[in-house]
Amino acid sequence: MRNLCWFTMVALCVMAARQSEAAMAQITKRGKTTWRIHMHANAGVVERFAANELTKYIHRMSGAGLTITGTNSPNTVTLGLRKDLKITGLPAPKPGYDGYSILVEATRIVIAGDNPRGVLYGVYDLLEQLGCRWYHPAIDPKDPEVVPKNPDLKLPVGKWSESARIEDRVYWISGLAFKVMPESVAQLDWAAKNRYNGLSWQCIPEKIDEHLGEMKSKGIFTAMEKRGLMLHGPGHSFPYFLATDKYFDKHPEWFGFRDGKRQPHGGKWPLTNFCMSNPQADEEFIRNVAVFAKKYPQFHWLDLLPIDGGVPCQCEECLRSSPTDLLIGLYNKLADRMKTVAPNVIVDCVPGYGQLTDPPSEVFPSDRLAAVYAHWGRNHNQSYDDPYYSRRANMLVWTSYFKRFTICSYYAANSHQPFTGPPFLHALEGDTKFMVEHGVTGALVLEYPYGFWWSNSFNVRMGGLYPYYYPNRDPRSELKDYAQHYYGPKAGPLMADYLLMTGATENLERTYRASRGEADDADIIWLNDMRTMLTRAAQLTANDPLHSYRVSKLTSGMDMLIHLGGSRRKIQDIEKAVEDKVSDKAAVRKQIADAKTMVADLIAHAEKIGVLNDGVVDAEWLKGWTINRTYTEPLNAAEKKLTD
Ligand SMILES: [Zn+2]
């Protein structure tokens with residue numbers, strides 16, 4: 001360099017500056033744009049929606065409006081299917097599913113999908129490169145999507161291809177479970193942005209037709225079509241296909257035998273499944289499923305299950321077989337019938353769950369039958385990939401029977417997961433590794449109930465995104481990205497540590513215990529320690545209403561957790577005192593009275609938090625599932641025993 005004259009150095013600097021300018025596609029400048037969108041004439045509903053999404057977010061970021069052009073002129077974003085576009089210079093497609101390639105040059109950008117969904121995902125990828133993030137569904141008006149304002153949008157020149165390693169990525173959507181909530185549109189929008197390609201719907205058997213009609217009239221199906229989302233369901237629905245009202249009087253022998261008599265198909269305790277060893281009952285059931293499949297072509301996967309928590313028929317004939325063999329036999333016949341009635345529909349059974357927990361011994365799944373393996377109640381300390389995962393042998397045996405095998409993960413089931421939604425880093429990473437290495441074809445993530453949608457978002461989001469991007473965007477880096485962009489630059493680093501600490505396997509059990517009110521003294525010290533990080537984050541965001549509100553949402557969940565803390569130990573002490581028949585009954589009565597005050601306080605706290613923070617705590621659920629079931633009922637029982 002020292003031999004170059006000053007003039008040459010200046011000239012070199014100018015050239016370098018020009019080169020770096022040339023190495024960018026400047027999409028908007030000072031809030032204006034000369035760029036346009038070009039779509040292939042064959043563009044379908046999903047590609048058109050993708051173009052609208054690009055226009056919408058570019059406008060929200062920069063204020064500039066992209067228009068649609070008929071010609072493929074310079075300064076154009078071209079969208080479409082790879083096979084239609086025939087553009088040279090695109091990178092090779094990446095093997096997998098729902099893939100796309102992106103090419104960014106100074107005067108043109110191309111988003112080429114391997115299928116329509118790929119085009120939409122390519123648009124979301126591009127918007128993410130520009131800073132957009134979809135961490136939570138856009139439900140809470142006080143907490144908008146992360147869409148950074150920037151009048152000068154530009155992208156570095158480059159090209160890349162992406163695809164999913166797992167074909168089916170299904171979100172069991174809480175906003176459609178058992179009823180149709182208006183917020184489900186925001187949820188499904190968010191699911192598509194996080195690369196889910198299907199929604200699983202859990203019905204109420206008696207209201208199937210009514211709810212499907214409602215989903216149509218409320219635009220749920222249209223919203224799904226625009227995003228290429230496919231429908232999975234209707235879940236635990238057997239009583240719809242062999243209804244008590246319609247058949248019981250005429251054919252009692254079709255129904256389950258328990259306690260010395262035939263029982264209705266659901267609706268009455270004991271919840272009893274129908275008599276599957278009866279060929280006429282099976283035939284009528286299958287005939288009704290066939291009618292349903294024709295009436296509702298929306299279903300891509302026909303996923304039908306017996307009554308949830310229902311018991312099998314115990315007639316003499318059914319007892320000759322095993323519940324698994326009977327049910328697999330029924331599913332085989334159903335899958336066979338669908339071959340002619342609805343050949344493109346995938347028929348699922350659900351092994352690992354209810355009547356199909358044990359692998360079959362005599363009747364084996366046919367080639368046409370697919371499966372959604374479901375292990376309800378897993379502790380997310382364990383991933384499917386761990387050699388010590390409690391159900392690994394069962395899962396591996398079931399996996400070996402099927403070509404199409406999906407795994408249902410309960411990352412967001414508040415029946416047995418901490419309601420604060422600690423990030424399940426170990427499980428998310430190990431589960432995806434297991435699925436990819438074992439050729440599992442589908443990942444399904446269940447969220448229930450609806451009221452915890454905000455707290456559940458990270459785990460649900462990763463369930464769609466990580467199998468798609470594996471291994472490039474791992475949950476740990478995504479968590480840091482989330483902390484930084486969602487909580488802002490001031491609190492972000494601290495929040496990243498907070499989230500990584502709550503999600504660490506070594507700490508996870510503390511949150512599990514506190515969410516049941518069973519925390520020990522060390523847990524409570526740890527929770528209060530963690531709480532100080534949130535206090536500090538609140539100080540750091542004090543002058544910033546949006547980031548401060550987000551910190552307060554997380555804090556309110558933590559406060560509920562601390563409130564529950566070890567509170568149930570008081571109930572356990574009372575139960576033990578009553579069991580041991582302690583002589584000082586007055587002291588126990590005093591303990592019961594104190595415990596009742598505590599329960600009232602817990603309920604009041606849950607209600608307060610539930611109202612103040614959309615999606616953090618479902619107060620009704622916490623009252624019913626946790627407090628009434630595990631505090632009030634045992635307390636009343638103990639009180640009764642004491643009096644008796
Ligand atoms: Zn039977």
# chains A, B, ... in the order shown; residues from 1 in each chain; ligands from 1
>>> residues_around(residues="A:Tyr411", least_positions_apart="3", cutoff="10 Å", atoms="only C-alpha atoms", output="PyMOL selection string")
chain A and resi 378-380+408+414+416-418+421-424+427-428+444-448+456-460+462-463
>>> write_last_selection(atoms="C-alpha atoms", output="PDB file, in the first residue's frame")
ATOM      1  CA  ARG A 378     -43.853 -37.074  29.149  1.00  0.00           C
ATOM      2  CA  ASN A 379     -41.528 -35.022  31.325  1.00  0.00           C
ATOM      3  CA  HIS A 380     -39.615 -32.767  28.935  1.00  0.00           C
ATOM      4  CA  CYS A 408     -47.331 -35.951  18.721  1.00  0.00           C
ATOM      5  CA  ASN A 414     -51.052 -27.542  30.377  1.00  0.00           C
ATOM      6  CA  HIS A 416     -48.943 -31.779  32.672  1.00  0.00           C
ATOM      7  CA  GLN A 417     -46.498 -29.067  31.498  1.00  0.00           C
ATOM      8  CA  PRO A 418     -45.600 -26.004  33.564  1.00  0.00           C
ATOM      9  CA  GLY A 421     -43.865 -22.553  29.151  1.00  0.00           C
ATOM     10  CA  PRO A 422     -40.158 -22.853  30.006  1.00  0.00           C
ATOM     11  CA  PRO A 423     -38.269 -23.484  26.740  1.00  0.00           C
ATOM     12  CA  PHE A 424     -37.805 -27.250  26.373  1.00  0.00           C
ATOM     13  CA  ALA A 427     -36.419 -32.079  24.273  1.00  0.00           C
ATOM     14  CA  LEU A 428     -36.786 -29.877  21.171  1.00  0.00           C
ATOM     15  CA  LEU A 444     -47.409 -32.740  15.560  1.00  0.00           C
ATOM     16  CA  VAL A 445     -47.400 -30.253  18.441  1.00  0.00           C
ATOM     17  CA  LEU A 446     -50.367 -30.096  20.777  1.00  0.00           C
ATOM     18  CA  GLU A 447     -51.433 -26.940  22.589  1.00  0.00           C
ATOM     19  CA  TYR A 448     -54.241 -26.969  25.152  1.00  0.00           C
ATOM     20  CA  ASN A 456     -46.583 -21.570  25.053  1.00  0.00           C
ATOM     21  CA  SER A 457     -45.367 -19.700  22.005  1.00  0.00           C
ATOM     22  CA  PHE A 458     -41.652 -20.480  22.044  1.00  0.00           C
ATOM     23  CA  ASN A 459     -42.076 -24.255  22.286  1.00  0.00           C
ATOM     24  CA  VAL A 460     -44.906 -24.396  19.751  1.00  0.00           C
ATOM     25  CA  MET A 462     -39.867 -24.313  17.515  1.00  0.00           C
ATOM     26  CA  GLY A 463     -41.972 -27.410  16.890  1.00  0.00           C
TER      27      GLY A 463
END
>>> residues_near_ligand(ligand="ligand 1", cutoff="8 Å", atoms="only C-alpha atoms and all ligand atoms", output="number ranges by chain")
A: 253-257, 274-278, 312-319
>>> write_last_selection(atoms="N, CA and C atoms", output="PDB file, in the first residue's frame")
ATOM      1  N   GLU A 253     -76.314 -54.647  20.853  1.00  0.00           N
ATOM      2  CA  GLU A 253     -75.124 -55.524  20.819  1.00  0.00           C
ATOM      3  C   GLU A 253     -73.930 -54.869  20.122  1.00  0.00           C
ATOM      4  N   TRP A 254     -74.154 -53.728  19.440  1.00  0.00           N
ATOM      5  CA  TRP A 254     -73.039 -53.005  18.816  1.00  0.00           C
ATOM      6  C   TRP A 254     -72.242 -52.199  19.847  1.00  0.00           C
ATOM      7  N   PHE A 255     -72.820 -52.054  21.021  1.00  0.00           N
ATOM      8  CA  PHE A 255     -72.236 -51.122  22.006  1.00  0.00           C
ATOM      9  C   PHE A 255     -71.425 -51.865  23.063  1.00  0.00           C
ATOM     10  N   GLY A 256     -70.573 -51.111  23.767  1.00  0.00           N
ATOM     11  CA  GLY A 256     -69.630 -51.706  24.704  1.00  0.00           C
ATOM     12  C   GLY A 256     -70.306 -52.340  25.902  1.00  0.00           C
ATOM     13  N   PHE A 257     -69.784 -53.472  26.333  1.00  0.00           N
ATOM     14  CA  PHE A 257     -70.333 -54.192  27.480  1.00  0.00           C
ATOM     15  C   PHE A 257     -69.464 -53.909  28.703  1.00  0.00           C
ATOM     16  N   PHE A 274     -67.253 -48.664  21.691  1.00  0.00           N
ATOM     17  CA  PHE A 274     -68.213 -49.629  21.135  1.00  0.00           C
ATOM     18  C   PHE A 274     -67.588 -51.022  20.984  1.00  0.00           C
ATOM     19  N   CYS A 275     -68.412 -51.990  20.633  1.00  0.00           N
ATOM     20  CA  CYS A 275     -67.983 -53.394  20.567  1.00  0.00           C
ATOM     21  C   CYS A 275     -67.327 -53.662  19.209  1.00  0.00           C
ATOM     22  N   MET A 276     -66.002 -53.596  19.180  1.00  0.00           N
ATOM     23  CA  MET A 276     -65.278 -53.668  17.903  1.00  0.00           C
ATOM     24  C   MET A 276     -65.139 -55.088  17.375  1.00  0.00           C
ATOM     25  N   SER A 277     -65.523 -56.082  18.184  1.00  0.00           N
ATOM     26  CA  SER A 277     -65.489 -57.459  17.658  1.00  0.00           C
ATOM     27  C   SER A 277     -66.787 -57.772  16.912  1.00  0.00           C
ATOM     28  N   ASN A 278     -67.721 -56.821  16.906  1.00  0.00           N
ATOM     29  CA  ASN A 278     -68.984 -57.030  16.187  1.00  0.00           C
ATOM     30  C   ASN A 278     -68.844 -56.529  14.742  1.00  0.00           C
ATOM     31  N   PRO A 312     -62.330 -50.151  26.874  1.00  0.00           N
ATOM     32  CA  PRO A 312     -62.794 -51.056  25.817  1.00  0.00           C
ATOM     33  C   PRO A 312     -63.981 -51.913  26.266  1.00  0.00           C
ATOM     34  N   CYS A 313     -64.702 -52.433  25.288  1.00  0.00           N
ATOM     35  CA  CYS A 313     -65.818 -53.349  25.546  1.00  0.00           C
ATOM     36  C   CYS A 313     -65.275 -54.618  26.212  1.00  0.00           C
ATOM     37  N   GLN A 314     -66.080 -55.154  27.131  1.00  0.00           N
ATOM     38  CA  GLN A 314     -65.636 -56.377  27.817  1.00  0.00           C
ATOM     39  C   GLN A 314     -66.603 -57.530  27.564  1.00  0.00           C
ATOM     40  N   CYS A 315     -67.181 -57.573  26.371  1.00  0.00           N
ATOM     41  CA  CYS A 315     -68.040 -58.716  26.061  1.00  0.00           C
ATOM     42  C   CYS A 315     -67.140 -59.938  25.862  1.00  0.00           C
ATOM     43  N   GLU A 316     -67.747 -61.098  25.858  1.00  0.00           N
ATOM     44  CA  GLU A 316     -66.990 -62.350  25.760  1.00  0.00           C
ATOM     45  C   GLU A 316     -66.090 -62.364  24.521  1.00  0.00           C
ATOM     46  N   GLU A 317     -66.648 -61.888  23.396  1.00  0.00           N
ATOM     47  CA  GLU A 317     -65.916 -61.925  22.132  1.00  0.00           C
ATOM     48  C   GLU A 317     -64.727 -60.955  22.162  1.00  0.00           C
ATOM     49  N   CYS A 318     -64.957 -59.745  22.659  1.00  0.00           N
ATOM     50  CA  CYS A 318     -63.869 -58.759  22.735  1.00  0.00           C
ATOM     51  C   CYS A 318     -62.762 -59.249  23.663  1.00  0.00           C
ATOM     52  N   LEU A 319     -63.140 -59.942  24.743  1.00  0.00           N
ATOM     53  CA  LEU A 319     -62.134 -60.409  25.707  1.00  0.00           C
ATOM     54  C   LEU A 319     -61.250 -61.518  25.130  1.00  0.00           C
TER      55      LEU A 319
END
>>> closest_residue(among="A:Gly451, A:Ile204, A:Tyr466, A:Ala374", to="A:Ser174", atoms="only C-alpha atoms")
A:Gly451
>>> select_by_dssp(residues="stretch 212-377 of chain A", states="helix (DSSP H, G or I)", output="count of residues only")
67
>>> residues_around(residues="A:Leu642", least_positions_apart="2", cutoff="12 Å", atoms="only C-alpha atoms", output="list in words")
Ile574, Glu575, Lys576, Ala577, Val578, Glu579, Asp580, Lys581, Val582, Ser583, Asp584, Lys585, Ala586, Ala587, Val588, Arg589, Ile592, Leu635, Asn636, Ala637, Ala638, Glu639, Lys640 and Asp644 of chain A
>>> residues_around(residues="A:Gly89", least_positions_apart="4", cutoff="10 Å", atoms="only C-alpha atoms", output="list of chain:residue names")
A:Leu103, A:Val110, A:Lys159
>>> residues_around(residues="A:Leu130", least_positions_apart="5", cutoff="8 Å", atoms="only C-alpha atoms", output="list in words")
Leu153, Lys154 and Leu155 of chain A
>>> write_last_selection(atoms="C-alpha atoms", output="CSV table (one decimal), in the first residue's frame")
chain,number,residue,atom,x,y,z
A,153,LEU,CA,-34.6,-1.7,3.2
A,154,LYS,CA,-31.8,-3.6,1.5
A,155,LEU,CA,-30.5,-7.1,1.3
>>> closest_residue(among="A:Ser455, A:Met533, A:Val147, A:Val104", to="A:Tyr486", atoms="only C-alpha atoms")
A:Val147
>>> residues_around(residues="stretch 494-497 of chain A", least_positions_apart="6", cutoff="7 Å", atoms="only C-alpha atoms", output="list in words")
Leu479, Lys480, Ala483 and Ala537 of chain A
>>> write_last_selection(atoms="C-alpha atoms", output="tab-separated table (two decimals), in the first residue's frame")
chain	number	residue	atom	x	y	z
A	479	LEU	CA	-34.04	-18.29	22.00
A	480	LYS	CA	-31.25	-15.69	21.97
A	483	ALA	CA	-34.73	-12.38	23.73
A	537	ALA	CA	-35.21	-6.29	33.20
>>> residues_around(residues="A:Leu54", least_positions_apart="6", cutoff="8 Å", atoms="only C-alpha atoms", output="PyMOL selection string")
chain A and resi 123-124+127
>>> write_last_selection(atoms="N, CA and C atoms", output="PDB file, in the first residue's frame")
ATOM      1  N   VAL A 123     -41.053 -16.111   1.034  1.00  0.00           N
ATOM      2  CA  VAL A 123     -41.377 -14.716   1.364  1.00  0.00           C
ATOM      3  C   VAL A 123     -41.117 -14.459   2.853  1.00  0.00           C
ATOM      4  N   TYR A 124     -41.557 -15.388   3.717  1.00  0.00           N
ATOM      5  CA  TYR A 124     -41.316 -15.194   5.155  1.00  0.00           C
ATOM      6  C   TYR A 124     -39.823 -15.193   5.469  1.00  0.00           C
ATOM      7  N   LEU A 127     -38.517 -11.812   4.551  1.00  0.00           N
ATOM      8  CA  LEU A 127     -38.941 -10.803   5.532  1.00  0.00           C
ATOM      9  C   LEU A 127     -38.168 -10.954   6.843  1.00  0.00           C
TER      10      LEU A 127
END
>>> atom_distance(atom1="atom CA of A:Met215", atom2="atom CA of A:Trp621")
24.3 Å
>>> atom_distance(atom1="atom CA of A:Asp303", atom2="atom CA of A:Val291")
15.1 Å
>>> closest_residue(among="A:Gln484, A:Ser390, A:Thr324, A:Asn75", to="A:Thr33", atoms="only C-alpha atoms")
A:Asn75
>>> atom_distance(atom1="atom CA of A:Pro634", atom2="atom CA of A:Leu508")
26.8 Å
>>> closest_residue(among="A:Ile139, A:Ala51, A:Ala335, A:Ala25", to="A:Ile286", atoms="only C-alpha atoms")
A:Ala335
